[in-house]
Amino acid sequence: MNTDLQGQAGAKEVPGHAPDQFVAGPLPVWWMVSVILVVILAGLLFGFDQGIISGALLGIQKEFRLGALALEIVTSWVTLGALFGSLVGGSVADRFGRKWALILAAILFVIGALVEAFTPGVPILVVGRLLVGLGVGVAAVAAPLYAAELAPANQRGRFISSYQLAITIGIFAAYFVDEALAGAQGWRWMLGLSVVPGVSSCSLPSFPRQNPLVGWSRRAVSRMRGEP
């Protein structure tokens, strides 16, 4: 059976609303702004961490005297971490909710960025890159789900696509940061700047979790609309 049909079949009716309008009711503007900002921050972090390494590699190579293979490992382990993060991200989001999955991703971003910024050597730097990659993978799964479940039906595509747009903007912004911080120790600042949006994205609006197979309950919709 189609998932949408399952969700409609199991959804609980909300008084005063048609059966197909469980999430179509009016929601507070501040709520929608908070949701899209969180999604955009997650995308910016993803793009920033993908783009910032291009400027940081020169400083890393000079400080640690790395060869070509070591540079490839430092660069690629974010992608390796993202692979494993995306594999477990869906399970984490289903078990603990989209909010806590995104908070986990933000914590991984922050810890990974701090490890990268204060690393004493290449092995620790690679661990930091792996942690950042895990955060990227979890966020890549949880952020679109978070947006899809909280966005009004007529704006859902816009909310989800804002994540992809934010990734591109993050990559673009990373190149300007690379240029501004170019220098002997500038690479540490480049990699450590992920802490700022990472901490900001921990402040997620609380929301009643939606189970696609059950639908919005009366209590969940009442909470989102600020009703007692």
# chains A, B, ... in the order shown; residues from 1 in each chain; ligands from 1
>>> closest_atom_pairs(of="segment 102-169 of chain A", to="segment 77-94 of chain A", cutoff="12 Å", atoms="only C-alpha atoms", output="CSV")
residue,atom,partner,partner_atom,distance
A:Leu102,CA,A:Ala93,CA,8.2
A:Ile103,CA,A:Ala93,CA,10.5
A:Leu104,CA,A:Val92,CA,9.2
A:Ala105,CA,A:Gly85,CA,8.8
A:Leu108,CA,A:Gly85,CA,10.2
A:Phe109,CA,A:Val78,CA,10.9
A:Gly112,CA,A:Val78,CA,10.1
A:Ala113,CA,A:Val78,CA,11.5
A:Glu116,CA,A:Val78,CA,11.7
A:Pro123,CA,A:Trp77,CA,11.4
A:Leu125,CA,A:Trp77,CA,10.0
A:Val126,CA,A:Trp77,CA,6.8
A:Val127,CA,A:Trp77,CA,8.4
A:Gly128,CA,A:Val78,CA,8.8
A:Arg129,CA,A:Val78,CA,5.2
A:Leu130,CA,A:Gly81,CA,4.8
A:Leu131,CA,A:Gly81,CA,6.6
A:Val132,CA,A:Val78,CA,6.2
A:Gly133,CA,A:Val78,CA,4.0
A:Leu134,CA,A:Gly85,CA,4.3
A:Gly135,CA,A:Gly85,CA,6.5
A:Val136,CA,A:Ala82,CA,5.4
A:Gly137,CA,A:Ala82,CA,3.9
A:Val138,CA,A:Gly89,CA,4.3
A:Ala139,CA,A:Gly89,CA,7.4
A:Ala140,CA,A:Ser86,CA,6.8
A:Val141,CA,A:Gly89,CA,5.8
A:Ala142,CA,A:Ala93,CA,6.2
A:Ala143,CA,A:Ala93,CA,9.7
A:Pro144,CA,A:Gly90,CA,11.0
A:Leu145,CA,A:Ala93,CA,8.5
A:Tyr146,CA,A:Ala93,CA,9.1
>>> closest_residue(among="A:Ile73, A:Ala151, A:Leu45, A:Leu114", to="Pro28 of chain A", atoms="only C-alpha atoms")
A:Ala151
>>> atom_distance(atom1="atom CA of Ser161 of chain A", atom2="atom CA of Ile36 of chain A")
10.4 Å
>>> select_by_dssp(residues="segment 14-199 of chain A", states="alpha helix (DSSP H)", output="PyMOL selection string")
chain A and resi 29-64+68-96+98-117+122-150+156-180+186-192+195-199
>>> atom_distance(atom1="atom CA of Asp178 of chain A", atom2="atom CA of Phe159 of chain A")
28.9 Å
>>> closest_atom_pairs(of="segment 62-180 of chain A", to="segment 185-189 of chain A", cutoff="9 Å", atoms="only C-alpha atoms", output="JSON lines")
{"residue": "A:Glu63", "atom": "CA", "partner": "A:Gln185", "partner_atom": "CA", "distance": 8.6}
{"residue": "A:Glu116", "atom": "CA", "partner": "A:Arg188", "partner_atom": "CA", "distance": 7.0}
{"residue": "A:Ala117", "atom": "CA", "partner": "A:Arg188", "partner_atom": "CA", "distance": 4.4}
{"residue": "A:Phe118", "atom": "CA", "partner": "A:Arg188", "partner_atom": "CA", "distance": 7.1}
{"residue": "A:Thr119", "atom": "CA", "partner": "A:Arg188", "partner_atom": "CA", "distance": 8.6}
{"residue": "A:Asp178", "atom": "CA", "partner": "A:Trp187", "partner_atom": "CA", "distance": 8.0}
{"residue": "A:Ala180", "atom": "CA", "partner": "A:Gly186", "partner_atom": "CA", "distance": 8.7}
>>> closest_residue(among="A:Gly97, A:Gly157, A:Gly121, A:Pro197", to="Gly170 of chain A", atoms="only C-alpha atoms")
A:Pro197
>>> closest_residue(among="A:Ile52, A:Val195, A:Ala148, A:Ala101", to="Val35 of chain A", atoms="only C-alpha atoms")
A:Ala148
